[in-house]
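J.: Following this message is one structure expressed as structure tokens.
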Amino acid sequence: MKALLDTYGALLLKAIGTHIVYSAISVAIGFMLGLALGILLSRVPRLSGVLFPVISIFQTIPGLVFIGLLFLWLGMVPAAVIAALSVYAMFPVLKNTYTGLLGVEKKYIEAAKGCGMSPAQSLFKVELPLALPSIMAGLRMAAIYTVSWAVLASMIGLGGLGDFVYQGTSSNNNTLILLGAVPAAVLAIGFGSLVDWLQKRITPRGMKKEVRR
Amino acid sequence: MIQFEHVNKSYGKNLILNDLNFTIPDGQFAVLIGPSGCGKTTTLKTINRLIEPDSGHIYIDGQDITKADKVQLRRHIGYVIQQIGLFPNMTVAENICVVPKLLNYDKERCDQIVQDMLKLVGMEAHRNKYPAELSGGQQQRIGVLRALAASPPIVLMDEPFGALDPQTREILQDEVKKLQQKLGKTVIFVTHDMDEALKLADIIIFMDGGVVAQMASPEEMLEHPATERIADFLGKHAPESKNEHLVERFMRTNVRAVKKNRGVMECAELMARYSVDTLLVKDETGHYLGTVSIGDIRKWGRDLSSIEPIVRQTARTVYVGEDARESFDYLLESSAPYVIVLNRDNTIAGIVTKTSVARSVAENLWREQQ
């Protein structure tokens, strides 16, 4: 074990760092894109009829192919990886934002309108806070997926934990595969817990399930 | 003051509001009631422009509300909905202060409002709770306070107590009525519950099929429901046991009355057409004067231009609200064909005939058999 760490320790740390940077940036971009698009689609239902089929087609393209295409287009730059991962991170956030906003009970929207809130005030003060649990669930999914998919970065020679996995598979070295796979799994769990913690922090007491008289 | 002028609204081919015209004076508790689909909620929602009429105008204190910005308009009209709709992500205090905050009141003023409002319903201790931590009745109290917080002169309530249990509902009705009187608000209140309407209303506006079927005080509506439908709605509230033997329950209202200056020939003609032998006579203002009979016309009519000189006051009269049994006894004992029923102002309400007696007897027999 010690020998292993001596040989790969520094490389592993660097790979984990790269992996985290790719994931974090992509999730952040994907989240913002997904949130913005989700809000837009929920406001203009006609658009969603056009956009959702396009999005679901996009979603069927394997990540591998997509990264490959971006590599051809952008070259061997981190931007290619981040662009691809962001798009995939966007999907669950977009979908959950949209369904979360549509799922806000009509009574709250009517009350907001009746109180004299403008559409924007109703969105930010009432609808988004009420859709928050759904949006956060989307973010959680996005975070976990992105950590796993970031393994693909090494496919186009851009590092991350995928390096270990690919080296391991090509040289039939199970230790190397595990050395990549285990930290990736732990990272995914870590990202997920981070989102959970965040959700707990920002959900008002009144909206937590445990709070009942 | 809220004025509706020729307000129309339809969804597709369905006419929901059909030329509404009415005025609600300031400080009144007005209750909109009627069967489902009668347009009462639609009417309410046109006042804060949650629904826009197809045509017609609504004025608040003389101002056409379509001229105002609707978001601003709603901030100056309180609104309470049946599903309560307190924002679950906000505390009680935050919920109460939604409208004051939209109006950019400063923090101290908002705090003061929260305190004053909670005091009104004795819920000071619940200031920092969330709606999910309150009972249904407490939630709707806060719902009412939210509507009152920015002290709007007008408050709209859309079946606000419909979802509450009967006991809580009664308590809240009392509280709302007290608040309305104390604060001098104009309240427009939608309900389908006649109990609630009679208890709360200064004016009841009964809607049916998109029109106002009757607009009256609760007492007046109880005494004189304008249509069958309203009478049905009043149902058990109509003072039945008291009403059961009142003379107006048995009278015919389609009676022929003529003015005293009518010509003799004309009256004879009318009698022939309706195949009756007497006509009721009234003066210009509709007050009852007496009767004119075909016998008198034949005897004296030749020399007269109008029937006035041969009007007799021999027919027995009773007033609306008197016991019918006296009239029945009289009809059965004498040979008189009818008893004339007068309103309190001496206008003609109808007549009671022997047929009426028969109907009453039949009714009683039928009820005994049941």
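Convention: chains lettered A, B, ... in structure tokens order; per-chain residue numbering from 1; ligands numbered from 1 as shown.
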Would you mind listing, as JSON, numbers by chain, all residues of chain A that have at least one atom within 10 Å of chain B, where only C-alpha atoms are what counts?

T.: {"A": [105, 106, 107, 108, 109, 110, 111, 112, 113, 114, 115, 116, 117, 118, 119, 121, 125, 126, 127, 129, 130, 203, 204, 205, 206, 207, 208, 209, 211, 212, 213]}

J.: Would you work out the distance separating CA of Gly17 in chain A from CA of Leu161 in chain A, expressed in Å to one decimal?

T.: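 Pair CA of Gly17 in chain A / CA of Leu161 in chain A returns 9.0 Å.
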
J.: If you run DSSP on this backbone, which residues of range 170-302 of chain B come out as strand (DSSP E or B), and could you give them as a PyMOL selection string?

T.: chain B and resi 186-191+203-208+211-216+246+252+257-259+263+278-282+287-293

J.: Print the selection's residues with N, CA and C atoms to a file, as an mmCIF file, in the first residue's frame.

T.:
data_model
loop_
_atom_site.group_PDB
_atom_site.id
_atom_site.type_symbol
_atom_site.label_atom_id
_atom_site.label_comp_id
_atom_site.auth_asym_id
_atom_site.auth_seq_id
_atom_site.Cartn_x
_atom_site.Cartn_y
_atom_site.Cartn_z
ATOM 1 N N THR B 186 -64.792 47.912 3.391
ATOM 2 C CA THR B 186 -65.772 47.375 2.460
ATOM 3 C C THR B 186 -65.319 45.957 2.143
ATOM 4 N N VAL B 187 -66.157 44.984 2.471
ATOM 5 C CA VAL B 187 -65.775 43.599 2.224
ATOM 6 C C VAL B 187 -66.679 43.006 1.162
ATOM 7 N N ILE B 188 -66.083 42.362 0.158
ATOM 8 C CA ILE B 188 -66.855 41.598 -0.808
ATOM 9 C C ILE B 188 -66.515 40.143 -0.547
ATOM 10 N N PHE B 189 -67.528 39.361 -0.252
ATOM 11 C CA PHE B 189 -67.326 38.027 0.296
ATOM 12 C C PHE B 189 -68.108 37.037 -0.546
ATOM 13 N N VAL B 190 -67.413 36.044 -1.093
ATOM 14 C CA VAL B 190 -68.108 35.039 -1.893
ATOM 15 C C VAL B 190 -68.357 33.806 -1.038
ATOM 16 N N THR B 191 -69.555 33.264 -1.131
ATOM 17 C CA THR B 191 -69.839 32.016 -0.426
ATOM 18 C C THR B 191 -70.967 31.304 -1.144
ATOM 19 N N ILE B 203 -75.452 43.510 2.790
ATOM 20 C CA ILE B 203 -76.219 43.305 1.561
ATOM 21 C C ILE B 203 -75.870 41.934 1.009
ATOM 22 N N ILE B 204 -76.879 41.215 0.572
ATOM 23 C CA ILE B 204 -76.625 39.964 -0.123
ATOM 24 C C ILE B 204 -76.885 40.202 -1.601
ATOM 25 N N ILE B 205 -75.915 39.801 -2.426
ATOM 26 C CA ILE B 205 -76.110 39.885 -3.875
ATOM 27 C C ILE B 205 -76.257 38.459 -4.364
ATOM 28 N N PHE B 206 -77.478 38.095 -4.730
ATOM 29 C CA PHE B 206 -77.722 36.726 -5.172
ATOM 30 C C PHE B 206 -77.553 36.658 -6.675
ATOM 31 N N MET B 207 -76.591 35.831 -7.125
ATOM 32 C CA MET B 207 -76.359 35.718 -8.563
ATOM 33 C C MET B 207 -76.874 34.378 -9.058
ATOM 34 N N ASP B 208 -77.377 34.395 -10.290
ATOM 35 C CA ASP B 208 -77.866 33.162 -10.890
ATOM 36 C C ASP B 208 -77.696 33.312 -12.395
ATOM 37 N N VAL B 211 -76.352 36.749 -13.821
ATOM 38 C CA VAL B 211 -77.032 38.019 -13.544
ATOM 39 C C VAL B 211 -77.328 38.119 -12.042
ATOM 40 N N VAL B 212 -77.560 39.344 -11.607
ATOM 41 C CA VAL B 212 -77.939 39.535 -10.219
ATOM 42 C C VAL B 212 -79.436 39.278 -10.104
ATOM 43 N N ALA B 213 -79.786 38.197 -9.406
ATOM 44 C CA ALA B 213 -81.202 37.858 -9.282
ATOM 45 C C ALA B 213 -81.873 38.711 -8.226
ATOM 46 N N GLN B 214 -81.139 39.039 -7.193
ATOM 47 C CA GLN B 214 -81.676 39.920 -6.157
ATOM 48 C C GLN B 214 -80.528 40.510 -5.363
ATOM 49 N N MET B 215 -80.660 41.759 -5.027
ATOM 50 C CA MET B 215 -79.670 42.406 -4.178
ATOM 51 C C MET B 215 -80.447 43.060 -3.058
ATOM 52 N N ALA B 216 -80.292 42.564 -1.840
ATOM 53 C CA ALA B 216 -81.134 43.034 -0.746
ATOM 54 C C ALA B 216 -80.473 42.740 0.581
ATOM 55 N N LEU B 246 -99.423 31.945 6.986
ATOM 56 C CA LEU B 246 -99.607 33.330 6.579
ATOM 57 C C LEU B 246 -100.420 33.380 5.298
ATOM 58 N N ARG B 252 -103.474 34.048 -4.626
ATOM 59 C CA ARG B 252 -103.162 34.117 -6.057
ATOM 60 C C ARG B 252 -102.660 35.522 -6.329
ATOM 61 N N ALA B 257 -106.435 44.070 -11.898
ATOM 62 C CA ALA B 257 -106.819 45.311 -11.250
ATOM 63 C C ALA B 257 -106.853 46.407 -12.308
ATOM 64 N N VAL B 258 -107.832 47.321 -12.177
ATOM 65 C CA VAL B 258 -107.929 48.426 -13.133
ATOM 66 C C VAL B 258 -107.868 49.739 -12.368
ATOM 67 N N LYS B 259 -107.487 50.788 -13.097
ATOM 68 C CA LYS B 259 -107.460 52.096 -12.460
ATOM 69 C C LYS B 259 -108.875 52.667 -12.414
ATOM 70 N N GLY B 263 -112.987 53.367 -18.289
ATOM 71 C CA GLY B 263 -114.372 53.456 -18.738
ATOM 72 C C GLY B 263 -115.166 52.219 -18.368
ATOM 73 N N THR B 278 -116.010 40.338 -11.273
ATOM 74 C CA THR B 278 -115.596 41.547 -10.561
ATOM 75 C C THR B 278 -114.162 41.890 -10.940
ATOM 76 N N LEU B 279 -113.843 43.162 -10.813
ATOM 77 C CA LEU B 279 -112.466 43.603 -11.015
ATOM 78 C C LEU B 279 -112.053 44.389 -9.777
ATOM 79 N N LEU B 280 -110.763 44.299 -9.436
ATOM 80 C CA LEU B 280 -110.255 45.131 -8.350
ATOM 81 C C LEU B 280 -109.939 46.510 -8.922
ATOM 82 N N VAL B 281 -110.120 47.538 -8.124
ATOM 83 C CA VAL B 281 -109.885 48.898 -8.593
ATOM 84 C C VAL B 281 -108.805 49.545 -7.729
ATOM 85 N N LYS B 282 -107.906 50.239 -8.391
ATOM 86 C CA LYS B 282 -106.840 50.934 -7.644
ATOM 87 C C LYS B 282 -106.771 52.378 -8.117
ATOM 88 N N HIS B 287 -102.805 52.186 -5.006
ATOM 89 C CA HIS B 287 -103.485 51.825 -3.760
ATOM 90 C C HIS B 287 -104.860 51.232 -4.050
ATOM 91 N N TYR B 288 -105.205 50.276 -3.221
ATOM 92 C CA TYR B 288 -106.481 49.593 -3.407
ATOM 93 C C TYR B 288 -107.651 50.513 -3.062
ATOM 94 N N LEU B 289 -108.671 50.518 -3.931
ATOM 95 C CA LEU B 289 -109.846 51.359 -3.671
ATOM 96 C C LEU B 289 -111.093 50.538 -3.376
ATOM 97 N N GLY B 290 -111.239 49.440 -4.081
ATOM 98 C CA GLY B 290 -112.447 48.648 -3.893
ATOM 99 C C GLY B 290 -112.623 47.719 -5.069
ATOM 100 N N THR B 291 -113.860 47.307 -5.302
ATOM 101 C CA THR B 291 -114.122 46.403 -6.426
ATOM 102 C C THR B 291 -115.265 46.959 -7.257
ATOM 103 N N VAL B 292 -115.304 46.502 -8.480
ATOM 104 C CA VAL B 292 -116.455 46.853 -9.325
ATOM 105 C C VAL B 292 -117.007 45.550 -9.894
ATOM 106 N N SER B 293 -118.370 45.394 -9.834
ATOM 107 C CA SER B 293 -118.947 44.128 -10.278
ATOM 108 C C SER B 293 -119.742 44.311 -11.550
#

J.: To one decimal place, how far is CA of Tyr11 in chain B from CA of Leu123 in chain A in Å?

T.: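 Interatomic distance here is 27.5 Å.
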
J.: For Asp329 in chain B, work out the shell of residues within 12 Å, counting only C-alpha atoms and skipping chain neighbours fewer than 6 positions away, then give it as a list of chain:residue names.

T.: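 Close residues of Asp329 in chain B: B:Asp323, B:Ser335, B:Ala336, B:Tyr338, B:Val339, B:Val352, B:Thr353, B:Lys354, B:Ser356, B:Val357.
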
J.: Identify, on the basis of only C-alpha atoms, every residue whose closest approach to Arg169 in chain B does not exceed 12 Å; exclude the query and any residue fewer than 3 positions from it along the same chain; express the result as an MDAnalysis selection string.

T.: chainID B and resid 82 136:138 140:141 159:166 172:176 193 195:196 199

J.: Just the residues within 12 Å of Val341 in chain B, please, counting only C-alpha atoms, with nothing from its chain fewer than 4 positions along; format it as a PyMOL selection string.

T.: chain B and resi 246-253+255+280+287-288+290+315-324+327+345-353

J.: Okay, now the selection with N, CA and C atoms, as a tab-separated table (two decimals), in the first residue's frame?

T.:
chain	number	residue	atom	x	y	z
B	246	LEU	N	-99.42	31.94	6.99
B	246	LEU	CA	-99.61	33.33	6.58
B	246	LEU	C	-100.42	33.38	5.30
B	247	VAL	N	-101.21	34.42	5.21
B	247	VAL	CA	-102.17	34.51	4.13
B	247	VAL	C	-101.49	34.56	2.76
B	248	GLU	N	-100.27	35.17	2.71
B	248	GLU	CA	-99.64	35.29	1.39
B	248	GLU	C	-99.20	33.95	0.81
B	249	ARG	N	-99.11	32.94	1.66
B	249	ARG	CA	-98.72	31.64	1.13
B	249	ARG	C	-99.84	31.04	0.28
B	250	PHE	N	-101.04	31.50	0.50
B	250	PHE	CA	-102.17	30.87	-0.18
B	250	PHE	C	-102.80	31.77	-1.23
B	251	MET	N	-102.26	32.95	-1.40
B	251	MET	CA	-102.98	33.88	-2.30
B	251	MET	C	-102.56	33.68	-3.74
B	252	ARG	N	-103.47	34.05	-4.63
B	252	ARG	CA	-103.16	34.12	-6.06
B	252	ARG	C	-102.66	35.52	-6.33
B	253	THR	N	-101.61	35.62	-7.11
B	253	THR	CA	-101.06	36.95	-7.33
B	253	THR	C	-101.40	37.49	-8.71
B	255	VAL	N	-103.84	38.73	-10.23
B	255	VAL	CA	-105.20	39.29	-10.20
B	255	VAL	C	-105.32	40.47	-11.15
B	280	LEU	N	-110.76	44.30	-9.44
B	280	LEU	CA	-110.26	45.13	-8.35
B	280	LEU	C	-109.94	46.51	-8.92
B	287	HIS	N	-102.81	52.19	-5.01
B	287	HIS	CA	-103.49	51.83	-3.76
B	287	HIS	C	-104.86	51.23	-4.05
B	288	TYR	N	-105.20	50.28	-3.22
B	288	TYR	CA	-106.48	49.59	-3.41
B	288	TYR	C	-107.65	50.51	-3.06
B	290	GLY	N	-111.24	49.44	-4.08
B	290	GLY	CA	-112.45	48.65	-3.89
B	290	GLY	C	-112.62	47.72	-5.07
B	315	ALA	N	-115.86	44.25	-0.20
B	315	ALA	CA	-115.05	43.02	-0.12
B	315	ALA	C	-114.16	43.05	1.12
B	316	ARG	N	-113.99	41.90	1.70
B	316	ARG	CA	-113.15	41.81	2.89
B	316	ARG	C	-111.67	41.90	2.48
B	317	THR	N	-110.91	42.66	3.26
B	317	THR	CA	-109.46	42.76	2.99
B	317	THR	C	-108.66	42.30	4.20
B	318	VAL	N	-107.50	41.74	3.92
B	318	VAL	CA	-106.55	41.42	4.99
B	318	VAL	C	-105.19	41.92	4.55
B	319	TYR	N	-104.29	42.00	5.49
B	319	TYR	CA	-102.94	42.43	5.15
B	319	TYR	C	-101.98	41.26	5.08
B	320	VAL	N	-100.98	41.43	4.26
B	320	VAL	CA	-99.90	40.45	4.18
B	320	VAL	C	-99.34	40.24	5.58
B	321	GLY	N	-99.09	38.98	5.95
B	321	GLY	CA	-98.53	38.70	7.27
B	321	GLY	C	-99.59	38.27	8.27
B	322	GLU	N	-100.88	38.41	7.87
B	322	GLU	CA	-101.91	37.97	8.80
B	322	GLU	C	-102.18	36.48	8.63
B	323	ASP	N	-102.83	35.92	9.61
B	323	ASP	CA	-103.09	34.48	9.59
B	323	ASP	C	-104.14	34.14	8.54
B	324	ALA	N	-103.89	33.11	7.74
B	324	ALA	CA	-104.79	32.76	6.66
B	324	ALA	C	-106.07	32.11	7.16
B	327	SER	N	-109.24	34.15	7.17
B	327	SER	CA	-109.80	34.35	5.85
B	327	SER	C	-110.51	33.10	5.35
B	345	ASP	N	-98.56	48.92	2.41
B	345	ASP	CA	-98.79	50.27	1.89
B	345	ASP	C	-100.11	50.36	1.12
B	346	ASN	N	-101.00	49.40	1.35
B	346	ASN	CA	-102.32	49.41	0.72
B	346	ASN	C	-102.32	49.13	-0.77
B	347	THR	N	-101.20	48.66	-1.32
B	347	THR	CA	-101.25	48.19	-2.70
B	347	THR	C	-101.73	46.75	-2.69
B	348	ILE	N	-102.19	46.30	-3.86
B	348	ILE	CA	-102.79	44.97	-3.92
B	348	ILE	C	-101.72	43.89	-4.02
B	349	ALA	N	-101.78	42.91	-3.14
B	349	ALA	CA	-100.81	41.82	-3.19
B	349	ALA	C	-101.39	40.61	-3.91
B	350	GLY	N	-102.68	40.36	-3.71
B	350	GLY	CA	-103.30	39.21	-4.35
B	350	GLY	C	-104.66	38.95	-3.75
B	351	ILE	N	-105.24	37.79	-4.10
B	351	ILE	CA	-106.52	37.44	-3.48
B	351	ILE	C	-106.46	35.99	-2.99
B	352	VAL	N	-107.24	35.73	-1.97
B	352	VAL	CA	-107.38	34.36	-1.49
B	352	VAL	C	-108.78	33.90	-1.87
B	353	THR	N	-108.87	32.73	-2.53
B	353	THR	CA	-110.16	32.23	-2.97
B	353	THR	C	-110.45	30.90	-2.31

J.: Write out as a PyMOL selection string each polymer residue whose atoms come within 10 Å of range 21-33 of chain A, counting only C-alpha atoms; drop sequence neighbours fewer than 3 positions from it.

T.: chain A and resi 15-18+36-39+78-79+81-94+97+135-136+138-140+142-151+153+159-160+187-188+191

J.: Between CA of Asn254 in chain B and CA of His224 in chain B, what is the distance in Å, rounded to a tenth?

T.: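 According to the coordinates, CA of Asn254 in chain B and CA of His224 in chain B are separated by 16.9 Å.
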
J.: From a DSSP calculation on the backbone, collect every residue of range 92-306 of chain B in alpha helix (DSSP H) and output the set as a ChimeraX atom specification.

T.: /B:92-96,98-102,107-120,136-148,166-183,194-200,218-223,228-234,240-243,264-274,294-300

J.: With distances taken over only C-alpha atoms, which residue among A:Ala80, A:Thr99, A:Val65, A:Phe71 lies nearest Leu41 in chain A?

T.: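 Among A:Ala80, A:Thr99, A:Val65, A:Phe71, it is A:Thr99 that comes nearest to Leu41 in chain A.
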